[in-house]
$ cat coords_0.cif   # mmCIF, C-alpha atoms
data_input
loop_
_atom_site.label_atom_id
_atom_site.label_comp_id
_atom_site.auth_asym_id
_atom_site.auth_seq_id
_atom_site.Cartn_x
_atom_site.Cartn_y
_atom_site.Cartn_z
CA GLY A 241 0.00 0.00 0.00
CA LYS A 242 2.85 2.38 0.77
CA ARG A 243 4.46 1.71 -2.59
CA HIS A 244 1.14 2.35 -4.33
CA ARG A 245 0.78 5.75 -2.58
CA ASP A 246 4.32 6.72 -3.57
CA CYS A 247 3.57 5.98 -7.23
CA PHE A 248 0.25 7.88 -7.18
CA VAL A 249 1.66 11.15 -5.80
CA PRO A 250 4.31 11.63 -8.56
CA SER A 251 1.71 10.89 -11.23
CA CYS A 252 -0.58 13.66 -9.82
CA ARG A 253 2.26 16.10 -9.71
CA LEU A 254 3.18 15.27 -13.31
CA GLU A 255 -0.42 15.89 -14.41
CA SER A 256 -0.56 19.31 -12.66
CA ASP A 257 2.82 20.28 -14.10
CA ARG A 258 1.64 19.31 -17.58
CA ARG A 259 -1.45 21.52 -17.23
CA ALA A 260 0.65 24.45 -16.01
CA VAL A 261 2.96 24.07 -19.01
CA GLN A 262 -0.02 24.07 -21.39
CA ARG A 263 -1.44 27.25 -19.84
CA LEU A 264 1.93 28.93 -20.10
CA GLN A 265 2.22 27.96 -23.77
CA LYS A 266 -1.25 29.40 -24.51
CA LEU A 267 -0.34 32.61 -22.73
CA CYS A 268 2.89 32.95 -24.71
CA ALA A 269 1.01 32.32 -27.95
CA ARG A 270 -1.49 35.10 -27.16
CA VAL A 271 1.28 37.55 -26.26
CA SER A 272 3.20 36.82 -29.44
CA GLN A 273 0.03 37.21 -31.52
CA LEU A 274 -0.63 40.55 -29.85
CA PHE A 275 2.84 41.87 -30.61
CA ASN A 276 2.82 40.58 -34.19
CA ASP A 277 -0.19 42.81 -35.11
CA THR A 278 1.00 46.32 -36.01
CA PRO A 279 -0.96 49.37 -34.74
CA SER A 280 -1.97 50.38 -38.26
CA GLN A 281 -3.50 46.99 -38.95
CA SER A 282 -5.48 46.98 -35.72
CA THR A 283 -6.66 50.54 -36.34
CA THR A 284 -7.74 49.63 -39.86
CA LYS A 285 -9.74 46.74 -38.52
CA MET A 286 -11.44 48.98 -35.99
CA LEU A 287 -12.30 51.67 -38.53
CA ASP A 288 -13.35 49.39 -41.39
CA PRO A 289 -17.16 49.08 -41.17
CA SER A 290 -17.20 46.06 -43.48
CA GLN A 291 -15.22 44.02 -40.95
CA GLN A 292 -17.38 44.90 -37.99
CA LYS A 293 -20.48 42.98 -37.13
CA PRO A 294 -23.71 44.93 -37.20
CA LEU A 295 -25.33 45.63 -33.89
CA GLN A 296 -28.40 43.74 -32.97
CA SER A 297 -31.39 44.73 -30.94
CA VAL A 298 -33.78 42.48 -29.14
CA VAL A 299 -37.50 42.84 -29.79
CA MET A 300 -39.93 41.08 -27.51
CA GLY A 301 -43.30 40.14 -28.82
CA ASN A 302 -45.57 37.34 -29.92
CA MET A 303 -43.80 36.80 -33.26
CA PRO A 304 -44.47 33.73 -35.41
CA GLY A 305 -42.06 30.95 -34.58
CA ALA A 306 -40.94 32.68 -31.38
CA GLY A 307 -41.99 29.79 -29.23
CA GLY A 308 -39.67 28.29 -26.73
CA GLY A 309 -37.11 25.75 -27.76
CA GLY A 310 -36.37 26.37 -31.40
CA GLY A 311 -39.42 25.57 -33.58
CA GLY A 312 -37.30 24.77 -36.64
CA GLY A 313 -34.84 27.56 -35.83
CA GLY A 314 -37.31 30.30 -36.77
CA GLY A 315 -37.16 32.21 -33.49
CA ALA A 316 -35.30 32.67 -30.26
CA PRO A 317 -36.35 31.26 -26.92
CA GLY A 318 -38.64 33.33 -24.74
CA GLY A 319 -40.32 35.25 -27.59
CA LEU A 320 -37.15 37.21 -28.46
CA GLN A 321 -36.19 38.28 -31.94
CA PHE A 322 -32.81 39.66 -32.90
CA MET A 323 -32.97 42.45 -35.46
CA ASP A 324 -30.19 44.04 -37.41
CA THR A 325 -29.93 47.75 -36.55
CA SER A 326 -28.45 48.51 -39.95
CA SER A 327 -31.94 48.13 -41.43
CA TYR A 328 -33.31 51.10 -39.44
CA GLY A 329 -32.46 53.47 -42.26
CA SER A 330 -35.52 52.66 -44.36
CA TYR A 331 -38.77 50.95 -43.78
CA SER A 332 -38.40 48.60 -46.76
CA GLN A 333 -35.22 46.97 -45.39
CA GLN A 334 -36.75 45.83 -42.13
CA PRO A 335 -37.16 42.09 -41.61
CA GLN A 336 -40.50 40.54 -42.27
CA GLY A 337 -42.77 40.55 -39.27
CA ALA A 338 -40.90 43.37 -37.52
CA PRO A 339 -42.96 46.18 -36.01
CA PRO A 340 -43.26 49.37 -38.09
CA PRO A 341 -40.97 52.29 -37.23
CA ALA A 342 -42.08 54.77 -34.63
CA THR A 343 -44.09 57.75 -35.83
CA TYR A 344 -42.98 61.04 -34.31
CA TYR A 345 -45.42 63.80 -33.41
CA SER A 346 -44.93 67.04 -35.30
CA ALA A 347 -45.67 70.09 -33.14
CA PRO A 348 -47.85 72.75 -34.74
CA THR A 349 -46.17 75.97 -35.77
CA ASP A 350 -49.31 78.11 -35.75
CA PHE A 351 -49.88 79.40 -32.21
CA SER A 352 -52.80 81.65 -33.02
CA GLY A 353 -56.27 80.97 -31.76
CA THR A 354 -57.52 80.15 -28.29
CA ILE A 355 -55.92 78.40 -25.34
CA GLY A 356 -57.87 75.37 -24.22
CA GLY A 357 -60.41 75.55 -26.99
CA GLY A 358 -63.36 75.98 -24.63
CA PRO A 359 -65.60 78.90 -23.79
CA GLY A 360 -63.95 81.76 -21.95
CA CYS A 361 -60.47 80.90 -23.24
CA THR A 362 -57.90 83.51 -24.23
CA ASN A 363 -57.98 84.45 -27.90
CA PHE A 364 -54.71 85.98 -29.05
CA ASP A 365 -56.32 87.38 -32.19
CA ASP A 366 -58.56 89.66 -30.10
CA GLU A 367 -55.79 90.84 -27.77
CA PRO A 368 -55.09 94.61 -27.94
CA PRO A 369 -51.58 95.83 -28.81
CA LEU A 370 -49.01 96.06 -26.04
CA LEU A 371 -48.75 99.87 -26.16
CA GLU A 372 -52.52 100.13 -25.81
CA GLU A 373 -52.48 97.85 -22.76
CA LEU A 374 -49.74 100.00 -21.20
CA GLY A 375 -51.79 103.15 -21.88
CA ILE A 376 -49.29 104.66 -24.34
CA ASP A 377 -50.90 106.47 -27.25
CA PHE A 378 -48.37 108.42 -29.32
CA SER A 379 -51.05 110.26 -31.25
CA LYS A 380 -52.59 111.59 -28.03
CA ILE A 381 -49.13 112.45 -26.65
CA GLY A 382 -48.41 114.53 -29.73
CA GLU A 383 -51.84 116.15 -29.55
CA LYS A 384 -51.35 117.20 -25.93
CA THR A 385 -47.86 118.49 -26.61
CA VAL A 386 -49.07 120.64 -29.49
CA SER A 387 -51.97 121.96 -27.40
CA VAL A 388 -49.52 123.07 -24.68
CA LEU A 389 -47.10 124.74 -27.10
CA HIS A 390 -49.91 126.41 -29.08
CA PRO A 391 -51.74 128.79 -26.72
CA MET A 392 -54.56 129.42 -29.19
CA LYS A 393 -55.37 125.73 -29.67
CA LYS A 394 -58.52 124.70 -27.85
CA VAL A 395 -58.36 121.85 -25.37
CA THR A 396 -61.11 119.29 -25.91
CA LYS A 397 -62.60 116.72 -23.59
CA GLU A 398 -61.31 113.92 -25.81
CA MET A 399 -57.76 114.88 -24.77
CA MET A 400 -58.56 114.35 -21.11
CA TYR A 401 -60.33 111.00 -21.44
CA SER A 402 -59.79 107.75 -23.27
CA ILE A 403 -62.42 105.36 -24.60
CA GLY A 404 -62.06 101.82 -23.24
CA HIS A 405 -63.00 98.54 -24.90
CA ASP A 406 -66.36 98.63 -23.17
CA GLY A 407 -67.15 102.03 -24.68
CA GLN A 408 -66.85 103.96 -21.41
CA GLN A 409 -64.65 107.00 -20.78
CA TYR A 410 -61.64 106.68 -18.51
CA PRO A 411 -59.31 109.45 -17.27
CA ASP A 412 -56.25 109.73 -19.47
CA ALA A 413 -53.35 109.20 -17.07
CA ASP A 414 -50.47 109.09 -19.54
CA MET A 415 -47.13 109.58 -17.74
CA VAL A 416 -44.74 109.09 -20.65
CA GLY A 417 -44.78 112.74 -21.71
CA PRO A 418 -44.43 114.18 -18.16
CA LEU A 419 -41.47 111.95 -17.36
CA LEU A 420 -39.81 112.88 -20.65
CA PHE A 421 -40.33 116.61 -20.02
CA ALA A 422 -38.95 116.30 -16.48
CA LEU A 423 -35.79 114.68 -17.88
CA MET A 424 -35.53 117.43 -20.48
CA LEU A 425 -35.80 120.06 -17.74
CA GLY A 426 -33.01 118.40 -15.77
CA GLY A 427 -30.88 118.21 -18.93
CA ALA A 428 -31.40 121.93 -19.59
CA MET A 429 -30.24 122.70 -16.05
CA LEU A 430 -27.15 120.54 -16.63
CA LEU A 431 -26.07 123.02 -19.31
CA ARG A 432 -25.51 125.53 -16.48
CA GLY A 433 -23.78 122.98 -14.26
CA LYS A 434 -26.76 122.44 -11.96
CA VAL A 435 -27.71 118.86 -11.09
CA HIS A 436 -31.27 119.29 -9.86
CA PHE A 437 -32.93 116.01 -10.84
CA GLY A 438 -33.75 115.26 -7.21
CA TYR A 439 -35.31 118.69 -6.70
CA ILE A 440 -37.38 118.32 -9.89
CA TYR A 441 -38.86 114.96 -8.91
CA GLY A 442 -39.24 115.96 -5.27
CA VAL A 443 -41.08 119.22 -5.96
CA GLY A 444 -43.10 117.51 -8.67
CA MET A 445 -44.31 114.66 -6.43
CA VAL A 446 -45.16 116.89 -3.48
CA GLY A 447 -46.87 119.45 -5.74
CA CYS A 448 -48.93 116.82 -7.58
CA VAL A 449 -50.20 115.24 -4.37
CA SER A 450 -50.97 118.63 -2.82
CA LEU A 451 -52.81 119.90 -5.90
CA TRP A 452 -54.74 116.65 -6.18
CA LEU A 453 -56.01 117.09 -2.62
CA VAL A 454 -56.98 120.70 -3.29
CA MET A 455 -58.74 119.90 -6.57
CA THR A 456 -60.61 116.99 -5.04
CA LEU A 457 -61.94 119.23 -2.26
CA MET A 458 -62.91 121.97 -4.70
CA SER A 459 -65.15 119.86 -6.94
CA GLU A 460 -67.85 117.27 -6.43
CA ARG A 461 -66.61 115.15 -9.30
CA GLY A 462 -62.97 115.25 -8.24
CA ILE A 463 -60.02 114.17 -10.37
CA ASP A 464 -57.84 111.12 -10.61
CA ILE A 465 -54.39 111.58 -9.06
CA TRP A 466 -52.62 110.20 -12.12
CA GLN A 467 -54.64 112.42 -14.41
CA CYS A 468 -53.69 115.41 -12.27
CA ALA A 469 -49.99 114.47 -12.46
CA SER A 470 -50.27 113.98 -16.21
CA ILE A 471 -51.77 117.44 -16.76
CA LEU A 472 -49.19 119.16 -14.59
CA GLY A 473 -46.36 117.26 -16.29
CA TYR A 474 -47.46 118.09 -19.83
CA CYS A 475 -47.80 121.76 -19.01
CA LEU A 476 -44.20 121.73 -17.72
CA LEU A 477 -42.92 121.91 -21.30
CA PRO A 478 -42.73 125.76 -21.46
CA MET A 479 -40.58 125.61 -18.33
CA VAL A 480 -38.07 123.52 -20.28
CA LEU A 481 -37.81 126.35 -22.82
CA LEU A 482 -37.20 128.78 -19.98
CA ALA A 483 -34.39 126.63 -18.63
CA PHE A 484 -32.73 126.58 -22.07
CA LEU A 485 -33.04 130.35 -22.40
CA SER A 486 -31.47 130.84 -18.97
CA VAL A 487 -28.21 129.55 -20.45
CA PHE A 488 -27.96 132.59 -22.74
CA PHE A 489 -29.44 135.32 -20.52
CA ALA A 490 -28.34 136.44 -17.06
CA ALA A 491 -30.77 135.80 -14.23
CA THR A 492 -30.38 139.35 -12.92
CA GLY A 493 -30.89 141.05 -16.30
CA ALA A 494 -34.04 142.60 -17.67
CA VAL A 495 -34.97 139.73 -19.98
CA MET A 496 -35.17 136.73 -17.67
CA PRO A 497 -37.69 138.19 -15.15
CA VAL A 498 -40.09 139.03 -17.97
CA LEU A 499 -39.64 135.59 -19.57
CA THR A 500 -40.17 133.93 -16.22
CA VAL A 501 -43.48 135.69 -15.61
CA LEU A 502 -44.67 134.89 -19.13
CA VAL A 503 -43.74 131.22 -18.86
CA VAL A 504 -45.44 130.84 -15.47
CA LEU A 505 -48.62 132.42 -16.86
CA TRP A 506 -48.39 130.21 -19.95
CA CYS A 507 -48.12 127.01 -17.91
CA THR A 508 -50.86 128.12 -15.53
CA LEU A 509 -53.37 128.97 -18.25
CA ARG A 510 -52.98 125.71 -20.14
CA SER A 511 -52.94 123.58 -17.01
CA SER A 512 -55.95 125.30 -15.42
CA GLU A 513 -57.93 124.90 -18.67
CA MET A 514 -57.23 121.14 -18.70
CA MET A 515 -58.06 120.83 -15.01
CA VAL A 516 -61.39 122.64 -15.43
CA ILE A 517 -62.39 120.32 -18.30
CA ALA A 518 -61.32 117.20 -16.37
CA MET A 519 -63.25 118.24 -13.21
CA ASP A 520 -66.15 119.88 -15.05
CA VAL A 521 -65.96 123.13 -13.01
CA ALA A 522 -65.86 125.86 -15.64
CA HIS A 523 -67.00 128.57 -13.18
CA GLU A 524 -64.07 127.97 -10.78
CA ARG A 525 -61.14 128.45 -13.13
CA ALA A 526 -59.64 131.36 -11.16
CA LEU A 527 -59.61 129.29 -7.96
CA VAL A 528 -58.03 126.39 -9.82
CA ALA A 529 -55.36 128.60 -11.43
CA TYR A 530 -54.04 130.14 -8.17
CA PRO A 531 -52.44 127.02 -6.59
CA ILE A 532 -51.23 125.87 -10.01
CA ALA A 533 -49.40 129.21 -10.47
CA LEU A 534 -47.60 128.67 -7.17
CA PHE A 535 -46.60 125.18 -8.31
CA TYR A 536 -45.00 126.42 -11.54
CA ALA A 537 -43.38 129.38 -9.75
CA CYS A 538 -41.29 126.88 -7.77
CA PHE A 539 -40.04 125.31 -11.02
CA ALA A 540 -39.32 128.76 -12.43
CA LEU A 541 -37.05 129.54 -9.46
CA LEU A 542 -35.24 126.24 -9.98
CA SER A 543 -34.80 126.92 -13.70
CA VAL A 544 -33.57 130.49 -13.49
CA PHE A 545 -31.67 130.62 -10.23
#
$ encode --input "coords_0.cif" --output "structure tokens"
Amino acid sequence: GKRHRDCFVPSCRLESDRRAVQRLQKLCARVSQLFNDTPSQSTTKMLDPSQQKPLQSVVMGNMPGAGGGGGGGGGAPGGLQFMDTSSYGSYSQQPQGAPPPATYYSAPTDFSGTIGGGPGCTNFDDEPPLLEELGIDFSKIGEKTVSVLHPMKKVTKEMMYSIGHDGQQYPDADMVGPLLFALMLGGAMLLRGKVHFGYIYGVGMVGCVSLWLVMTLMSERGIDIWQCASILGYCLLPMVLLAFLSVFFAATGAVMPVLTVLVVLWCTLRSSEMMVIAMDVAHERALVAYPIALFYACFALLSVF
């Protein structure tokens, strides 16, 4: 028994050594094969599409012959079918029995019409222009500007009110012109080296609020605060002319005092006429003109001195 064990152990060792030698030979063969291929050849093989196998995709479905086990080799087990992805380019090259290609939804390019399609939805075709929604009417701005610069032009009620979509009249509270004239007045003062933008807006805000309170107490109808500010701002345009003239004439001369009085009267007359029409108090024009004259006298002092 001992001799039999001694013979069995060397035979096992020989078998394990033989297997190790075979593995080593296979490894050496793979390494030599790897080093024998040049980089250009391997790159050519990678870039050559004819040498690469087409990709395959798996489609699951109840296809004919897709039963389990083979079925004459017509299908794959488990209802799987391997399809060549190179045939995705056209519909005619797809294998028989394959599902049709996906149909993509094309979004509409026409965005006009209504949102939701039901009653009460927003219709973009009936929407007013953006400037009209913001209350900016360039024709009315030009009309008011001309009426202020032309003392003989009559101020109408249509200048003071705007017609809404419902056909009713609303106070015209345009602030584009007044803000523009206030900037022009500050720019005219800059020509003399005076930076009075803060004074202009400060006096303007306090004066508009104060005059609105006075006008509201003087009439039963009253006046909108934004309409009051719009009237006072539009009638500030002659004061801009006075500020420009103050660059060429001395404040202590004989010309500037006369021009100052004329400009204050000019602004007061046009503003009081608009206020009377807006409040419908034609018999109280003198009472309306007195506080307005004080308001423009403050701007005249800023412009001249």
$ residues_around --input "coords_0.cif" --residues "range 518-534 of chain A" --least-positions-apart "5" --cutoff "12 Å" --atoms "all atoms listed in the file" --output "PyMOL selection string"
chain A and resi 395-402+409-413+443-444+447-448+450-473+475-476+500-513+539-541
$ write_last_selection --input "coords_0.cif" --atoms "C-alpha atoms" --output "PDB file, in the frame of the given file"
ATOM      1  CA  VAL A 395     -58.360 121.850 -25.370  1.00  0.00           C
ATOM      2  CA  THR A 396     -61.110 119.290 -25.910  1.00  0.00           C
ATOM      3  CA  LYS A 397     -62.600 116.720 -23.590  1.00  0.00           C
ATOM      4  CA  GLU A 398     -61.310 113.920 -25.810  1.00  0.00           C
ATOM      5  CA  MET A 399     -57.760 114.880 -24.770  1.00  0.00           C
ATOM      6  CA  MET A 400     -58.560 114.350 -21.110  1.00  0.00           C
ATOM      7  CA  TYR A 401     -60.330 111.000 -21.440  1.00  0.00           C
ATOM      8  CA  SER A 402     -59.790 107.750 -23.270  1.00  0.00           C
ATOM      9  CA  GLN A 409     -64.650 107.000 -20.780  1.00  0.00           C
ATOM     10  CA  TYR A 410     -61.640 106.680 -18.510  1.00  0.00           C
ATOM     11  CA  PRO A 411     -59.310 109.450 -17.270  1.00  0.00           C
ATOM     12  CA  ASP A 412     -56.250 109.730 -19.470  1.00  0.00           C
ATOM     13  CA  ALA A 413     -53.350 109.200 -17.070  1.00  0.00           C
ATOM     14  CA  VAL A 443     -41.080 119.220  -5.960  1.00  0.00           C
ATOM     15  CA  GLY A 444     -43.100 117.510  -8.670  1.00  0.00           C
ATOM     16  CA  GLY A 447     -46.870 119.450  -5.740  1.00  0.00           C
ATOM     17  CA  CYS A 448     -48.930 116.820  -7.580  1.00  0.00           C
ATOM     18  CA  SER A 450     -50.970 118.630  -2.820  1.00  0.00           C
ATOM     19  CA  LEU A 451     -52.810 119.900  -5.900  1.00  0.00           C
ATOM     20  CA  TRP A 452     -54.740 116.650  -6.180  1.00  0.00           C
ATOM     21  CA  LEU A 453     -56.010 117.090  -2.620  1.00  0.00           C
ATOM     22  CA  VAL A 454     -56.980 120.700  -3.290  1.00  0.00           C
ATOM     23  CA  MET A 455     -58.740 119.900  -6.570  1.00  0.00           C
ATOM     24  CA  THR A 456     -60.610 116.990  -5.040  1.00  0.00           C
ATOM     25  CA  LEU A 457     -61.940 119.230  -2.260  1.00  0.00           C
ATOM     26  CA  MET A 458     -62.910 121.970  -4.700  1.00  0.00           C
ATOM     27  CA  SER A 459     -65.150 119.860  -6.940  1.00  0.00           C
ATOM     28  CA  GLU A 460     -67.850 117.270  -6.430  1.00  0.00           C
ATOM     29  CA  ARG A 461     -66.610 115.150  -9.300  1.00  0.00           C
ATOM     30  CA  GLY A 462     -62.970 115.250  -8.240  1.00  0.00           C
ATOM     31  CA  ILE A 463     -60.020 114.170 -10.370  1.00  0.00           C
ATOM     32  CA  ASP A 464     -57.840 111.120 -10.610  1.00  0.00           C
ATOM     33  CA  ILE A 465     -54.390 111.580  -9.060  1.00  0.00           C
ATOM     34  CA  TRP A 466     -52.620 110.200 -12.120  1.00  0.00           C
ATOM     35  CA  GLN A 467     -54.640 112.420 -14.410  1.00  0.00           C
ATOM     36  CA  CYS A 468     -53.690 115.410 -12.270  1.00  0.00           C
ATOM     37  CA  ALA A 469     -49.990 114.470 -12.460  1.00  0.00           C
ATOM     38  CA  SER A 470     -50.270 113.980 -16.210  1.00  0.00           C
ATOM     39  CA  ILE A 471     -51.770 117.440 -16.760  1.00  0.00           C
ATOM     40  CA  LEU A 472     -49.190 119.160 -14.590  1.00  0.00           C
ATOM     41  CA  GLY A 473     -46.360 117.260 -16.290  1.00  0.00           C
ATOM     42  CA  CYS A 475     -47.800 121.760 -19.010  1.00  0.00           C
ATOM     43  CA  LEU A 476     -44.200 121.730 -17.720  1.00  0.00           C
ATOM     44  CA  THR A 500     -40.170 133.930 -16.220  1.00  0.00           C
ATOM     45  CA  VAL A 501     -43.480 135.690 -15.610  1.00  0.00           C
ATOM     46  CA  LEU A 502     -44.670 134.890 -19.130  1.00  0.00           C
ATOM     47  CA  VAL A 503     -43.740 131.220 -18.860  1.00  0.00           C
ATOM     48  CA  VAL A 504     -45.440 130.840 -15.470  1.00  0.00           C
ATOM     49  CA  LEU A 505     -48.620 132.420 -16.860  1.00  0.00           C
ATOM     50  CA  TRP A 506     -48.390 130.210 -19.950  1.00  0.00           C
ATOM     51  CA  CYS A 507     -48.120 127.010 -17.910  1.00  0.00           C
ATOM     52  CA  THR A 508     -50.860 128.120 -15.530  1.00  0.00           C
ATOM     53  CA  LEU A 509     -53.370 128.970 -18.250  1.00  0.00           C
ATOM     54  CA  ARG A 510     -52.980 125.710 -20.140  1.00  0.00           C
ATOM     55  CA  SER A 511     -52.940 123.580 -17.010  1.00  0.00           C
ATOM     56  CA  SER A 512     -55.950 125.300 -15.420  1.00  0.00           C
ATOM     57  CA  GLU A 513     -57.930 124.900 -18.670  1.00  0.00           C
ATOM     58  CA  PHE A 539     -40.040 125.310 -11.020  1.00  0.00           C
ATOM     59  CA  ALA A 540     -39.320 128.760 -12.430  1.00  0.00           C
ATOM     60  CA  LEU A 541     -37.050 129.540  -9.460  1.00  0.00           C
TER      61      LEU A 541
END
$ atom_distance --input "coords_0.cif" --atom1 "CA of Leu431 in chain A" --atom2 "CA of Phe489 in chain A"
12.8 Å
$ closest_residue --input "coords_0.cif" --among "A:Met479, A:Cys268, A:Leu389, A:Ala490" --to "Ala422 in chain A" --atoms "only C-alpha atoms"
A:Met479
$ residues_around --input "coords_0.cif" --residues "Ala491 in chain A" --least-positions-apart "3" --cutoff "8 Å" --atoms "all atoms listed in the file" --output "PyMOL selection string"
chain A and resi 486+496-497+544-545
$ closest_residue --input "coords_0.cif" --among "A:Tyr441, A:Asp414, A:Val446, A:Tyr474" --to "Val388 in chain A" --atoms "all atoms listed in the file"
A:Tyr474
$ residues_around --input "coords_0.cif" --residues "Phe437 in chain A" --least-positions-apart "3" --cutoff "8 Å" --atoms "only C-alpha atoms" --output "short mmCIF file (atom, residue, chain, number, x, y, z; two decimals) with C-alpha atoms, in the frame of the given file"
data_model
loop_
_atom_site.label_atom_id
_atom_site.label_comp_id
_atom_site.auth_asym_id
_atom_site.auth_seq_id
_atom_site.Cartn_x
_atom_site.Cartn_y
_atom_site.Cartn_z
CA LEU A 423 -35.79 114.68 -17.88
CA GLY A 426 -33.01 118.40 -15.77
CA ILE A 440 -37.38 118.32 -9.89
CA TYR A 441 -38.86 114.96 -8.91
#
$ closest_residue --input "coords_0.cif" --among "A:Gly382, A:Pro391, A:Gly433, A:Gly442" --to "Val416 in chain A" --atoms "all atoms listed in the file"
A:Gly382
$ closest_residue --input "coords_0.cif" --among "A:Ser543, A:Val516, A:Val495, A:Gly427" --to "Ala483 in chain A" --atoms "all atoms listed in the file"
A:Ser543
$ atom_distance --input "coords_0.cif" --atom1 "CA of Met424 in chain A" --atom2 "CA of Leu481 in chain A"
9.5 Å
$ atom_distance --input "coords_0.cif" --atom1 "CA of Phe484 in chain A" --atom2 "CA of Met392 in chain A"
23.1 Å
